[in-house]
Every structure is written in structure tokens, then in C-alpha cells.
Amino acid sequence: MSLTFYWYPKCGTCRNAKKWLDAHHLSYEEVHIVEHPPSREELKDFYQKSGLELKKFFNTSGMKYRELGIKDKMKSATDEELLELLASDGMLIKRPILTDGERVTVGFKEEEFEKMWR
């Protein structure tokens, strides 16, 4: 299983997820989510495969999210508009994102990682 780990090294949640992956001897390719954010198409693919609502892909606690007033835009924006917004700035994306090309997790919850990636 080939994993891709989209993360932001300064993020504590991302570092915890990385520790979990390393402790479970899972190999993965690291992608710095701010320097190399996933494209709109990749985000759409993640969204479709995750089974999550699109709003779960937004870093709602981030400054950018608040500065851009995205909470208000969520109510009326289409999925396509939200995907375009997400793809415009890696700081808007909830992290980490872990995928094997078929399955996707967003954020880090140890029990979710245990179920999905063990």
C-alpha cells in the first residue's frame, strides 16, 4: 500500500499523525500541503472517495478561513466553488490528508487511523 501524507510540519496534529505512521512502520510519501497543495482535481477525488462533507476539508480554525469569511460563503457556494477556494491556498485545507489512492482520511484521530490504515 502506497500512502501519500499531505501535512504541514508546524502543525501539531500533523506531527502526531506522522509519529503514529512511523510507530506503525507505514511507509509514505510526504507532501508539504502549503508548498505543494493538492490540485482542485485531487481535492475533488479525495472528497468523493472520503464520503465526507466538503466542509470537512476546510481548516475551520485557521486564520485564512476567518479572514476570507468562508463560514458565510459555505451556505451559498457550490461544491465547485468550494473546491476552487480550497485549491487556492494550502492553509485553507484541513490537515493532514492521508490517502492510498482509494481511501482518504482528513485530520488525525488515532482510532480512525487504526481502522483505516492498519
# chains A, B, ... in the order shown; residues from 1 in each chain; ligands from 1
>>> residues_around(residues="region 3-6 of chain A", least_positions_apart="3", cutoff="12 Å", atoms="only C-alpha atoms", output="PyMOL selection string")
chain A and resi 9+11+13-15+17-18+21-22+25-38+42-43+46+90-91+93-108+116-117
>>> residues_around(residues="Ile70 (chain A)", least_positions_apart="5", cutoff="10 Å", atoms="only C-alpha atoms", output="list of chain:residue names")
A:Lys55, A:Phe58, A:Thr60, A:Lys64, A:Tyr65, A:Lys75, A:Ala77, A:Leu82, A:Leu85, A:Leu92
>>> atom_distance(atom1="CA of Ser61 (chain A)", atom2="CA of Ala23 (chain A)")
27.6 Å
>>> closest_residue(among="A:Phe57, A:Trp20, A:Tyr8, A:Phe113", to="Leu83 (chain A)", atoms="only C-alpha atoms")
A:Phe57
>>> select_by_dssp(residues="chain A", states="alpha helix (DSSP H)", output="JSON, numbers by chain")
{"A": [12, 13, 14, 15, 16, 17, 18, 19, 20, 21, 22, 23, 40, 41, 42, 43, 44, 45, 46, 47, 48, 49, 50, 63, 64, 65, 66, 67, 70, 71, 72, 73, 74, 79, 80, 81, 82, 83, 84, 85, 86, 87, 88, 110, 111, 112, 113, 114, 115, 116, 117]}
>>> closest_residue(among="A:Gly12, A:Met74, A:Glu81, A:Glu114", to="Lys56 (chain A)", atoms="only C-alpha atoms")
A:Met74
>>> atom_distance(atom1="CA of Ser39 (chain A)", atom2="CA of Asp89 (chain A)")
10.0 Å
>>> select_by_dssp(residues="region 1-117 of chain A", states="strand (DSSP E or B)", output="list in words")
Leu3, Thr4, Phe5, Tyr6, Trp7, Tyr28, Glu29, Glu30, Val31, His32, Phe58, Ile93, Ile97, Leu98, Thr99, Val104, Thr105 and Val106 of chain A
>>> atom_distance(atom1="CA of Ser76 (chain A)", atom2="CA of Leu54 (chain A)")
13.2 Å
